[in-house]
>>> print(open('final_10.csv').read())   # CSV, C-alpha atoms (C1' of nucleotides)
chain,number,residue,atom,x,y,z
A,1,MET,CA,36.3,-83.5,2.9
A,2,THR,CA,38.0,-80.1,2.8
A,3,GLU,CA,35.9,-79.2,-0.2
A,4,LEU,CA,34.7,-75.7,0.5
A,5,MET,CA,32.2,-73.9,-1.5
A,6,THR,CA,32.6,-70.4,-3.1
A,7,ILE,CA,29.9,-67.8,-2.6
A,8,GLY,CA,28.7,-68.6,-6.1
A,9,GLU,CA,28.3,-72.2,-5.3
A,10,LEU,CA,26.5,-71.5,-2.0
A,11,SER,CA,24.3,-69.1,-3.9
A,12,ALA,CA,23.5,-71.8,-6.5
A,13,ALA,CA,22.9,-74.4,-3.8
A,14,THR,CA,20.4,-72.2,-1.9
A,15,GLY,CA,18.9,-70.0,-4.6
A,16,VAL,CA,19.9,-67.0,-2.6
A,17,PRO,CA,21.7,-64.2,-4.6
A,18,ASP,CA,25.4,-63.8,-3.7
A,19,SER,CA,24.7,-60.1,-3.1
A,20,THR,CA,22.2,-61.1,-0.4
A,21,ILE,CA,24.6,-63.5,1.2
A,22,ARG,CA,27.2,-60.7,1.5
A,23,PHE,CA,24.5,-58.4,2.8
A,24,TRP,CA,23.6,-60.9,5.5
A,25,GLU,CA,27.2,-61.2,6.4
A,26,ARG,CA,27.4,-57.5,7.0
A,27,ARG,CA,24.5,-58.0,9.4
A,28,ASP,CA,26.5,-60.9,11.1
A,29,LEU,CA,23.9,-63.5,10.1
A,30,ILE,CA,25.9,-65.8,7.8
A,31,VAL,CA,29.6,-65.8,8.3
A,32,PRO,CA,31.8,-67.7,5.9
A,33,ALA,CA,33.9,-70.5,7.3
A,34,THR,CA,37.2,-69.0,6.1
A,35,ARG,CA,38.8,-67.0,3.4
A,36,ARG,CA,41.0,-68.3,0.6
A,37,GLY,CA,43.0,-65.5,-0.9
A,38,GLY,CA,40.4,-63.0,0.2
A,39,GLN,CA,37.6,-65.1,-1.1
A,40,ARG,CA,34.8,-66.5,1.1
A,41,ARG,CA,34.7,-70.3,1.5
A,42,TYR,CA,31.7,-72.0,2.9
A,43,THR,CA,31.0,-75.5,4.3
A,44,PRO,CA,28.0,-77.6,3.3
A,45,ASP,CA,26.6,-76.7,6.7
A,46,ASP,CA,26.2,-73.1,5.5
A,47,VAL,CA,23.6,-74.4,3.1
A,48,GLN,CA,21.7,-75.4,6.3
A,49,ARG,CA,22.3,-72.0,7.8
A,50,VAL,CA,20.9,-70.2,4.8
A,51,ALA,CA,17.8,-72.4,4.8
A,52,VAL,CA,17.3,-71.7,8.5
A,53,LEU,CA,17.5,-68.0,7.8
A,54,ARG,CA,15.0,-68.1,5.0
A,55,LEU,CA,12.6,-70.1,7.3
A,56,CYS,CA,13.0,-67.6,10.0
A,57,GLN,CA,12.1,-64.9,7.5
A,58,ALA,CA,9.1,-66.9,6.4
A,59,ALA,CA,8.0,-67.0,10.0
A,60,GLY,CA,8.1,-63.2,10.0
A,61,PHE,CA,11.3,-62.6,11.9
A,62,THR,CA,13.1,-59.4,10.7
A,63,LEU,CA,16.8,-59.6,10.1
A,64,ALA,CA,17.3,-57.7,13.4
A,65,GLU,CA,15.3,-60.3,15.3
A,66,ILE,CA,17.2,-63.2,13.7
A,67,GLY,CA,20.4,-61.5,14.8
A,68,ARG,CA,19.0,-61.1,18.3
A,69,MET,CA,17.9,-64.7,18.4
A,70,LYS,CA,21.4,-65.8,17.5
A,71,ARG,CA,23.0,-63.6,20.1
A,72,GLU,CA,20.5,-64.5,22.9
A,73,ARG,CA,20.6,-68.2,22.2
A,74,HIS,CA,23.2,-68.8,24.9
A,75,ASP,CA,23.1,-65.6,26.9
A,76,GLU,CA,19.4,-64.8,27.3
A,77,PRO,CA,17.3,-67.9,27.0
A,78,PHE,CA,14.3,-66.2,28.7
A,79,GLU,CA,14.3,-63.3,26.4
A,80,TRP,CA,14.7,-65.8,23.5
A,81,ARG,CA,11.6,-67.6,24.6
A,82,ARG,CA,9.6,-64.4,24.8
A,83,LEU,CA,10.7,-63.5,21.3
A,84,VAL,CA,9.6,-66.8,19.9
A,85,THR,CA,6.3,-66.9,21.9
A,86,ASP,CA,5.4,-63.4,20.6
A,87,LYS,CA,6.3,-64.4,17.1
A,88,LEU,CA,4.2,-67.5,17.3
A,89,ALA,CA,1.2,-65.5,18.3
A,90,ASP,CA,1.9,-63.2,15.4
A,91,VAL,CA,2.2,-66.2,13.0
A,92,GLN,CA,-1.1,-67.5,14.3
A,93,ARG,CA,-2.8,-64.2,13.6
A,94,ARG,CA,-1.3,-63.9,10.1
A,95,LEU,CA,-2.4,-67.5,9.4
A,96,THR,CA,-6.0,-66.6,10.2
A,97,GLU,CA,-5.8,-63.4,8.2
A,98,LEU,CA,-4.3,-65.1,5.2
A,99,ASP,CA,-6.8,-68.0,5.4
A,100,HIS,CA,-9.5,-65.4,5.3
A,101,ALA,CA,-7.9,-63.6,2.4
A,102,ARG,CA,-7.6,-66.9,0.5
A,103,ASP,CA,-11.2,-67.6,0.9
A,104,LEU,CA,-12.1,-64.2,-0.4
A,105,LEU,CA,-9.8,-64.6,-3.5
A,106,HIS,CA,-11.0,-68.1,-4.1
A,107,HIS,CA,-14.6,-67.1,-4.0
A,108,ALA,CA,-13.9,-64.1,-6.2
A,109,LEU,CA,-12.9,-66.5,-9.0
A,110,ARG,CA,-15.8,-68.9,-8.6
A,111,CYS,CA,-18.9,-66.8,-7.7
A,112,GLY,CA,-21.2,-65.8,-10.5
A,113,HIS,CA,-19.6,-62.4,-10.7
A,114,GLU,CA,-17.1,-61.5,-13.4
A,115,ASN,CA,-15.4,-59.1,-11.0
A,116,ILE,CA,-14.9,-59.7,-7.3
A,117,LEU,CA,-15.7,-56.1,-6.4
A,118,HIS,CA,-19.2,-56.6,-7.8
A,119,CYS,CA,-19.8,-59.4,-5.4
A,120,PRO,CA,-22.0,-58.7,-2.3
A,121,GLY,CA,-20.6,-61.7,-0.6
A,122,PHE,CA,-17.2,-60.0,-0.6
A,123,GLN,CA,-18.7,-56.9,1.0
A,124,ALA,CA,-20.4,-59.0,3.7
A,125,ALA,CA,-17.2,-60.8,4.4
A,126,VAL,CA,-15.4,-57.5,4.8
A,127,ARG,CA,-18.1,-56.4,7.3
A,128,ASP,CA,-18.0,-59.4,9.5
A,129,GLY,CA,-14.4,-60.5,9.1
A,130,GLY,CA,-15.2,-63.5,6.9
A,131,THR,CA,-17.6,-65.3,9.3
A,132,SER,CA,-20.7,-64.9,7.1
A,133,PRO,CA,-21.6,-67.4,4.5
A,134,TRP,CA,-21.0,-66.7,0.8
A,135,TYR,CA,-23.8,-66.6,-1.5
A,136,ASP,CA,-23.2,-67.7,-5.0
A,137,GLU,CA,-26.3,-66.6,-6.7
A,138,GLU,CA,-26.3,-63.7,-9.2
A,139,PRO,CA,-26.6,-60.5,-7.3
A,140,SER,CA,-29.6,-58.2,-7.7
A,141,GLU,CA,-29.0,-54.9,-9.5
A,142,ASP,CA,-29.4,-53.3,-6.1
A,143,ASP,CA,-26.7,-55.4,-4.6
A,144,VAL,CA,-24.3,-54.5,-7.4
A,145,GLN,CA,-25.0,-50.8,-7.4
A,146,GLN,CA,-24.8,-50.7,-3.6
A,147,PHE,CA,-21.5,-52.5,-3.7
A,148,ASP,CA,-20.1,-50.5,-6.5
A,149,GLN,CA,-20.7,-47.4,-4.5
A,150,ALA,CA,-19.2,-48.9,-1.4
A,151,VAL,CA,-16.0,-49.9,-3.2
A,152,ASP,CA,-15.4,-47.5,-5.9
A,153,PRO,CA,-17.7,-44.5,-6.1
A,154,VAL,CA,-18.5,-43.0,-9.5
A,155,PRO,CA,-16.1,-40.2,-10.2
A,156,GLY,CA,-17.6,-36.8,-9.3
A,157,ARG,CA,-20.0,-38.1,-6.7
B,1,MET,CA,-28.1,-38.9,6.6
B,2,THR,CA,-25.7,-36.3,5.2
B,3,GLU,CA,-23.5,-37.0,8.2
B,4,LEU,CA,-20.1,-37.0,6.8
B,5,MET,CA,-17.0,-38.1,8.7
B,6,THR,CA,-13.8,-36.1,9.1
B,7,ILE,CA,-10.5,-37.9,8.4
B,8,GLY,CA,-10.0,-38.1,12.2
B,9,GLU,CA,-13.3,-39.9,12.5
B,10,LEU,CA,-12.5,-42.3,9.7
B,11,SER,CA,-9.2,-42.9,11.2
B,12,ALA,CA,-10.8,-43.7,14.6
B,13,ALA,CA,-13.4,-45.9,13.0
B,14,THR,CA,-10.9,-48.0,11.0
B,15,GLY,CA,-7.8,-47.9,13.2
B,16,VAL,CA,-5.8,-46.6,10.2
B,17,PRO,CA,-3.7,-43.5,10.9
B,18,ASP,CA,-4.8,-40.3,9.2
B,19,SER,CA,-1.4,-39.9,7.7
B,20,THR,CA,-1.8,-43.3,6.1
B,21,ILE,CA,-5.2,-42.4,4.7
B,22,ARG,CA,-3.7,-39.3,3.1
B,23,PHE,CA,-0.9,-41.3,1.8
B,24,TRP,CA,-3.4,-43.7,0.2
B,25,GLU,CA,-5.2,-40.8,-1.3
B,26,ARG,CA,-2.1,-39.6,-3.0
B,27,ARG,CA,-1.9,-43.1,-4.5
B,28,ASP,CA,-5.5,-42.8,-5.7
B,29,LEU,CA,-6.6,-45.7,-3.4
B,30,ILE,CA,-9.0,-44.0,-1.0
B,31,VAL,CA,-10.6,-40.8,-2.3
B,32,PRO,CA,-12.7,-38.6,0.1
B,33,ALA,CA,-16.4,-38.1,-0.8
B,34,THR,CA,-16.0,-34.4,-0.9
B,35,ARG,CA,-14.3,-31.4,0.7
B,36,ARG,CA,-15.8,-29.0,3.2
B,37,GLY,CA,-13.8,-25.9,3.4
B,38,GLY,CA,-10.8,-27.7,2.2
B,39,GLN,CA,-11.3,-30.6,4.6
B,40,ARG,CA,-11.9,-34.2,3.5
B,41,ARG,CA,-15.3,-35.6,4.3
B,42,TYR,CA,-16.0,-39.3,4.1
B,43,THR,CA,-19.2,-41.4,4.0
B,44,PRO,CA,-19.7,-44.4,6.2
B,45,ASP,CA,-19.0,-46.4,3.0
B,46,ASP,CA,-15.4,-45.3,3.2
B,47,VAL,CA,-15.0,-47.4,6.3
B,48,GLN,CA,-15.8,-50.3,4.1
B,49,ARG,CA,-13.3,-49.2,1.5
B,50,VAL,CA,-10.6,-48.9,4.1
B,51,ALA,CA,-11.4,-52.4,5.3
B,52,VAL,CA,-11.2,-53.8,1.8
B,53,LEU,CA,-7.9,-52.1,1.3
B,54,ARG,CA,-6.5,-53.6,4.5
B,55,LEU,CA,-7.8,-57.1,3.5
B,56,CYS,CA,-6.1,-56.8,0.1
B,57,GLN,CA,-2.9,-55.9,1.8
B,58,ALA,CA,-3.3,-58.9,4.1
B,59,ALA,CA,-3.8,-61.0,0.9
B,60,GLY,CA,-0.4,-59.8,-0.2
B,61,PHE,CA,-1.4,-57.2,-2.8
B,62,THR,CA,1.0,-54.3,-3.0
B,63,LEU,CA,-0.5,-50.8,-3.1
B,64,ALA,CA,0.4,-50.7,-6.8
B,65,GLU,CA,-1.5,-53.9,-7.4
B,66,ILE,CA,-4.5,-52.7,-5.5
B,67,GLY,CA,-4.5,-49.6,-7.7
B,68,ARG,CA,-4.2,-51.7,-10.8
B,69,MET,CA,-7.1,-53.8,-9.6
B,70,LYS,CA,-9.3,-50.8,-9.2
B,71,ARG,CA,-8.4,-49.5,-12.6
B,72,GLU,CA,-8.8,-52.8,-14.4
B,73,ARG,CA,-12.0,-53.7,-12.7
B,74,HIS,CA,-14.2,-52.4,-15.6
B,75,ASP,CA,-11.6,-52.1,-18.3
B,76,GLU,CA,-9.5,-55.3,-18.2
B,77,PRO,CA,-11.5,-58.1,-16.6
B,78,PHE,CA,-9.2,-60.8,-18.0
B,79,GLU,CA,-6.1,-59.1,-16.7
B,80,TRP,CA,-7.9,-58.7,-13.4
B,81,ARG,CA,-8.6,-62.4,-13.2
B,82,ARG,CA,-5.0,-63.2,-13.9
B,83,LEU,CA,-3.9,-60.9,-11.2
B,84,VAL,CA,-6.2,-62.5,-8.7
B,85,THR,CA,-5.4,-66.0,-9.8
B,86,ASP,CA,-1.7,-65.4,-9.4
B,87,LYS,CA,-2.2,-63.9,-6.0
B,88,LEU,CA,-4.3,-66.8,-4.9
B,89,ALA,CA,-1.5,-69.2,-5.8
B,90,ASP,CA,0.9,-66.9,-3.9
B,91,VAL,CA,-1.4,-66.9,-0.9
B,92,GLN,CA,-1.6,-70.7,-1.0
B,93,ARG,CA,2.2,-70.9,-1.0
B,94,ARG,CA,2.6,-68.5,1.8
B,95,LEU,CA,-0.1,-70.3,3.9
B,96,THR,CA,1.9,-73.6,3.5
B,97,GLU,CA,5.1,-71.8,4.4
B,98,LEU,CA,3.6,-70.0,7.4
B,99,ASP,CA,2.0,-73.2,8.6
B,100,HIS,CA,5.3,-74.9,8.5
B,101,ALA,CA,6.9,-72.0,10.3
B,102,ARG,CA,4.2,-72.1,13.0
B,103,ASP,CA,4.9,-75.8,13.6
B,104,LEU,CA,8.6,-75.1,13.9
B,105,LEU,CA,8.0,-72.3,16.5
B,106,HIS,CA,5.4,-74.2,18.3
B,107,HIS,CA,7.7,-77.2,18.6
B,108,ALA,CA,10.5,-75.0,19.7
B,109,LEU,CA,8.6,-74.0,22.8
B,110,ARG,CA,7.5,-77.5,23.7
B,111,CYS,CA,10.3,-79.9,22.9
B,112,GLY,CA,12.7,-80.9,25.6
B,113,HIS,CA,15.3,-78.3,24.5
B,114,GLU,CA,15.7,-75.0,26.2
B,115,ASN,CA,16.6,-73.4,22.9
B,116,ILE,CA,15.1,-74.2,19.5
B,117,LEU,CA,18.4,-74.0,17.8
B,118,HIS,CA,19.6,-77.0,19.9
B,119,CYS,CA,16.9,-79.1,18.6
B,120,PRO,CA,17.8,-81.7,16.0
B,121,GLY,CA,14.1,-82.0,15.0
B,122,PHE,CA,14.4,-78.4,13.8
B,123,GLN,CA,17.4,-79.2,11.7
B,124,ALA,CA,15.6,-82.2,10.2
B,125,ALA,CA,12.6,-80.0,9.4
B,126,VAL,CA,14.9,-77.5,7.6
B,127,ARG,CA,16.4,-80.3,5.5
B,128,ASP,CA,13.1,-81.8,4.3
B,129,GLY,CA,10.8,-78.9,4.4
B,130,GLY,CA,8.8,-79.8,7.4
B,131,THR,CA,7.6,-83.3,6.3
B,132,SER,CA,9.7,-85.2,8.8
B,133,PRO,CA,8.2,-86.1,12.2
B,134,TRP,CA,9.4,-84.2,15.2
B,135,TYR,CA,11.0,-86.1,17.9
B,136,ASP,CA,10.4,-84.8,21.4
B,137,GLU,CA,12.9,-86.8,23.4
B,138,GLU,CA,16.0,-85.3,24.8
B,139,PRO,CA,18.7,-85.0,22.2
B,140,SER,CA,21.9,-86.9,22.5
B,141,GLU,CA,25.1,-84.8,23.1
B,142,ASP,CA,26.0,-85.7,19.5
B,143,ASP,CA,22.8,-84.3,18.2
B,144,VAL,CA,23.2,-81.0,20.1
B,145,GLN,CA,26.8,-80.6,19.0
B,146,GLN,CA,26.1,-81.5,15.5
B,147,PHE,CA,23.3,-78.9,15.3
B,148,ASP,CA,25.2,-76.3,17.1
B,149,GLN,CA,27.8,-76.5,14.4
B,150,ALA,CA,25.2,-76.5,11.7
B,151,VAL,CA,23.5,-73.4,12.9
B,152,ASP,CA,26.0,-71.3,14.6
B,153,PRO,CA,29.6,-72.5,14.5
B,154,VAL,CA,31.9,-71.7,17.3
B,155,PRO,CA,33.8,-68.5,16.6
B,156,GLY,CA,37.2,-69.2,15.2
B,157,ARG,CA,36.3,-72.6,13.7
C,1,DC,C1',-16.5,-13.3,17.0
C,2,DT,C1',-12.6,-15.3,18.9
C,3,DG,C1',-9.7,-19.2,20.4
C,4,DG,C1',-8.0,-23.6,19.8
C,5,DG,C1',-8.0,-28.1,18.2
C,6,DG,C1',-8.2,-30.4,14.0
C,7,DC,C1',-7.1,-30.3,9.4
C,8,DC,C1',-4.3,-28.8,5.2
C,9,DT,C1',0.0,-29.2,2.1
C,10,DG,C1',4.6,-30.3,0.5
C,11,DA,C1',8.8,-31.9,1.6
C,12,DA,C1',11.8,-34.4,4.2
C,13,DC,C1',12.7,-38.3,6.7
C,14,DC,C1',12.5,-43.3,8.1
C,15,DA,C1',13.1,-48.6,8.3
C,16,DT,C1',13.6,-52.8,5.8
C,17,DG,C1',15.9,-55.6,2.8
C,18,DG,C1',18.3,-55.7,-0.6
C,19,DT,C1',20.7,-54.6,-5.7
C,20,DT,C1',23.9,-52.3,-8.5
C,21,DC,C1',28.1,-50.3,-9.7
C,22,DA,C1',33.1,-49.2,-10.3
C,23,DA,C1',37.4,-50.4,-9.8
C,24,DG,C1',40.4,-53.7,-8.5
C,25,DT,C1',42.2,-58.7,-7.1
C,26,DC,C1',42.6,-63.4,-7.5
C,27,DA,C1',42.1,-68.6,-8.8
C,28,DA,C1',41.9,-71.9,-11.9
C,29,DT,C1',42.2,-73.3,-16.9
C,30,DG,C1',44.6,-73.9,-21.2
D,1,DC,C1',52.3,-68.0,-17.2
D,2,DA,C1',48.7,-65.3,-19.3
D,3,DT,C1',44.0,-64.9,-19.5
D,4,DT,C1',39.4,-64.6,-18.0
D,5,DG,C1',35.6,-65.3,-15.2
D,6,DA,C1',34.5,-65.2,-10.5
D,7,DC,C1',35.4,-62.8,-6.6
D,8,DT,C1',36.4,-58.5,-3.6
D,9,DT,C1',35.1,-53.8,-1.5
D,10,DG,C1',32.6,-49.6,-0.3
D,11,DA,C1',29.2,-46.6,-1.6
D,12,DA,C1',25.4,-45.4,-3.9
D,13,DC,C1',21.0,-46.5,-5.2
D,14,DC,C1',16.3,-48.8,-5.1
D,15,DA,C1',11.2,-50.0,-3.8
D,16,DT,C1',7.8,-50.2,-0.5
D,17,DG,C1',4.9,-48.1,2.8
D,18,DG,C1',4.6,-45.1,5.4
D,19,DT,C1',5.6,-41.0,9.4
D,20,DT,C1',7.0,-36.5,10.8
D,21,DC,C1',7.4,-31.8,10.5
D,22,DA,C1',6.7,-26.8,9.6
D,23,DG,C1',3.8,-23.3,8.6
D,24,DG,C1',-0.7,-22.1,7.6
D,25,DC,C1',-5.9,-22.4,7.4
D,26,DC,C1',-10.5,-23.4,8.9
D,27,DC,C1',-14.6,-25.2,11.7
D,28,DC,C1',-17.0,-25.0,15.6
D,29,DA,C1',-17.9,-24.4,20.7
D,30,DG,C1',-18.4,-20.9,23.9
>>> encode(input="final_10.csv", output="structure tokens")
Amino acid sequence: MTELMTIGELSAATGVPDSTIRFWERRDLIVPATRRGGQRRYTPDDVQRVAVLRLCQAAGFTLAEIGRMKRERHDEPFEWRRLVTDKLADVQRRLTELDHARDLLHHALRCGHENILHCPGFQAAVRDGGTSPWYDEEPSEDDVQQFDQAVDPVPGR
Amino acid sequence: MTELMTIGELSAATGVPDSTIRFWERRDLIVPATRRGGQRRYTPDDVQRVAVLRLCQAAGFTLAEIGRMKRERHDEPFEWRRLVTDKLADVQRRLTELDHARDLLHHALRCGHENILHCPGFQAAVRDGGTSPWYDEEPSEDDVQQFDQAVDPVPGR
DNA sequence: CTGGGGCCTGAACCATGGTTCAAGTCAATG
DNA sequence: CATTGACTTGAACCATGGTTCAGGCCCCAG
């Protein structure tokens, strides 16, 4: 039960490079359980800690914010709640944005057009923030030319 | 109809700082219509171009990729499609991840626990990637202590 | 036709999140 | 008990996406 992991093993277990784990340690984010002859030794719990850190990154927390969260956990619960609330709003916003972007990309690969930038539906979506319906018909020459000019003008215009 | 915008007006219309627009120009991403006495003049279409650029960023394209997309639009349609397909998969992955993160944050503000890091549901979610059900009851002392140790060990353990 | 606010350029600077390197130490295997 | 591969450190370096600054020029309102 006193089986401690080396940094290489923690790295292998989490997929996080050892250089990154050391970098996080300098930022006081992941601290090794102990040292053995100068070498870091980790408990299996540290695998959890690394996973939590990556999740927080995925949620959009910067390393500085993650550090603050750790420090405020006991000391400043109200500040902590504000931090999380703000981040939640941020995550919601990015979800909407990403969802929109996904629709754009998805459509780009399915609509009649060889190239997304030729597609008038894309242009319309840009104008109204993605709330307008796509149209999947072939674009008129007018549409194409109009959009070509809007997106990437002919050199020397 | 020959009403051209200055960079300040384009900036105001799009919410993108003028310094950023100049930076993008150096990267060949947004090129002004023309110059008037050395000053950049933009058409209303450039508002569209800026919006497209921001959307592409939201989709996770780097500036280098956006530049590549522009260049390959006519020349390398197959490469272009691969780029977009890859990015779409990436967007899907990030959507799932963000959605998971949102659930974690949301739960953190609602569950009985003052602090998300005390919540055993959070720990479970970390373990299984968010597929396990939350539990909203008060945690047992055991749960709390167990999770405290997993997330942020007592100094000097 | 003059003043001033906006625009110009190039270069330096910034934050974030790491990675790489050199030179040295140490732990575990044969 | 020698080897060797993994580990150590601090410092330098990197990419991305900008921002800021100094010094100068130009457009336009009055």
>>> atom_distance(input="final_10.csv", atom1="CA of Pro44 in chain A", atom2="C1' of DT8 in chain D")
22.0 Å
>>> interface_residues(input="final_10.csv", of="chain D", to="chain A", cutoff="12 Å", atoms="only C-alpha atoms (C1' of nucleotides)", output="ChimeraX atom specification")
/D:5-10
>>> interface_residues(input="final_10.csv", of="chain C", to="chain A", cutoff="10 Å", atoms="all atoms listed in the file", output="ChimeraX atom specification")
/C:16-20,25-27
>>> closest_atom_pairs(input="final_10.csv", of="chain B", to="chain A", cutoff="7 Å", atoms="all atoms listed in the file", output="Markdown table")
| residue | atom | partner | partner_atom | distance |
| --- | --- | --- | --- | --- |
| B:Ala33 | CA | A:Arg157 | CA | 6.9 |
| B:Asp45 | CA | A:Ala150 | CA | 5.1 |
| B:Asp46 | CA | A:Ala150 | CA | 7.0 |
| B:Gln48 | CA | A:Ala150 | CA | 6.6 |
| B:Arg49 | CA | A:Val151 | CA | 5.5 |
| B:Ala51 | CA | A:Val126 | CA | 6.5 |
| B:Val52 | CA | A:Val126 | CA | 6.4 |
| B:Leu55 | CA | A:Ala101 | CA | 6.6 |
| B:Ala58 | CA | A:Leu98 | CA | 6.4 |
| B:Ala59 | CA | A:Ala101 | CA | 5.1 |
| B:Arg73 | CA | A:Asn115 | CA | 6.6 |
| B:Pro77 | CA | A:Asn115 | CA | 6.9 |
| B:Val84 | CA | A:Leu105 | CA | 6.7 |
| B:Leu88 | CA | A:Leu105 | CA | 6.1 |
| B:Val91 | CA | A:Arg102 | CA | 6.4 |
| B:Leu95 | CA | A:Leu95 | CA | 6.6 |
| B:Glu97 | CA | A:Ala58 | CA | 6.6 |
| B:Leu98 | CA | A:Ala59 | CA | 5.9 |
| B:Ala101 | CA | A:Ala59 | CA | 5.1 |
| B:Arg102 | CA | A:Val91 | CA | 6.2 |
| B:Leu105 | CA | A:Leu88 | CA | 6.2 |
| B:His106 | CA | A:Leu88 | CA | 6.9 |
| B:Asn115 | CA | A:Arg73 | CA | 6.6 |
| B:Val126 | CA | A:Val52 | CA | 6.3 |
| B:Ala150 | CA | A:Asp45 | CA | 5.2 |
| B:Val151 | CA | A:Arg49 | CA | 5.4 |
>>> residues_near_point(input="final_10.csv", point="(-15.1, -25.3, 24.5)", cutoff="9 Å", atoms="all atoms listed in the file", output="list in words")
DG4 of chain C; DA29 and DG30 of chain D
>>> atom_distance(input="final_10.csv", atom1="CA of Arg93 in chain A", atom2="CA of Leu10 in chain B")
24.3 Å
>>> atom_distance(input="final_10.csv", atom1="CA of Arg41 in chain B", atom2="C1' of DG3 in chain C")
23.7 Å
>>> closest_residue(input="final_10.csv", among="B:Phe61, B:Asp28, B:His107, B:Arg68", to="Asp86 in chain B", atoms="all atoms listed in the file")
B:Phe61
>>> closest_residue(input="final_10.csv", among="B:Arg22, B:Arg35, B:Arg110, B:Arg27", to="DT19 in chain D", atoms="all atoms listed in the file")
B:Arg22
>>> residues_near_point(input="final_10.csv", point="(-9.1, -26.7, 15.6)", cutoff="8 Å", atoms="all atoms listed in the file", output="list in words")
DG4, DG5, DG6 and DC7 of chain C; DC26 and DC27 of chain D
>>> residues_around(input="final_10.csv", residues="range 10-14 of chain C", least_positions_apart="2", cutoff="9 Å", atoms="all atoms listed in the file", output="PyMOL selection string")
chain D and resi 18-21
>>> decode(input="final_10.csv", residues="range 21-34 of chain A", atoms="N, CA and C atoms", output="compact mmCIF listing (two decimals), in the first residue's frame")
# COMPACT_ATOMS: atom_id res chain seq x y z
N ILE A 21 3.84 18.25 -15.58
CA ILE A 21 3.59 18.03 -14.15
C ILE A 21 4.56 18.86 -13.31
N ARG A 22 5.82 18.90 -13.74
CA ARG A 22 6.79 19.73 -13.00
C ARG A 22 6.42 21.21 -13.11
N PHE A 23 5.98 21.60 -14.29
CA PHE A 23 5.54 22.99 -14.49
C PHE A 23 4.38 23.32 -13.56
N TRP A 24 3.44 22.44 -13.45
CA TRP A 24 2.29 22.65 -12.56
C TRP A 24 2.75 22.73 -11.11
N GLU A 25 3.76 21.95 -10.77
CA GLU A 25 4.25 21.97 -9.40
C GLU A 25 4.83 23.33 -9.07
N ARG A 26 5.56 23.91 -10.02
CA ARG A 26 6.11 25.25 -9.80
C ARG A 26 5.00 26.26 -9.56
N ARG A 27 3.85 25.99 -10.15
CA ARG A 27 2.68 26.86 -9.95
C ARG A 27 1.85 26.43 -8.74
N ASP A 28 2.36 25.50 -7.95
CA ASP A 28 1.68 25.02 -6.75
C ASP A 28 0.34 24.37 -7.05
N LEU A 29 0.24 23.69 -8.16
CA LEU A 29 -1.04 23.08 -8.53
C LEU A 29 -1.07 21.58 -8.25
N ILE A 30 0.04 20.92 -8.48
CA ILE A 30 0.16 19.48 -8.19
C ILE A 30 1.44 19.28 -7.39
N VAL A 31 1.29 18.93 -6.15
CA VAL A 31 2.46 18.78 -5.29
C VAL A 31 2.67 17.30 -4.98
N PRO A 32 3.88 16.79 -5.21
CA PRO A 32 4.14 15.37 -4.97
C PRO A 32 3.97 15.01 -3.50
N ALA A 33 3.61 13.77 -3.25
CA ALA A 33 3.39 13.30 -1.88
C ALA A 33 4.66 13.46 -1.05
N THR A 34 5.76 13.10 -1.64
CA THR A 34 7.02 13.10 -0.90
C THR A 34 8.16 12.97 -1.90
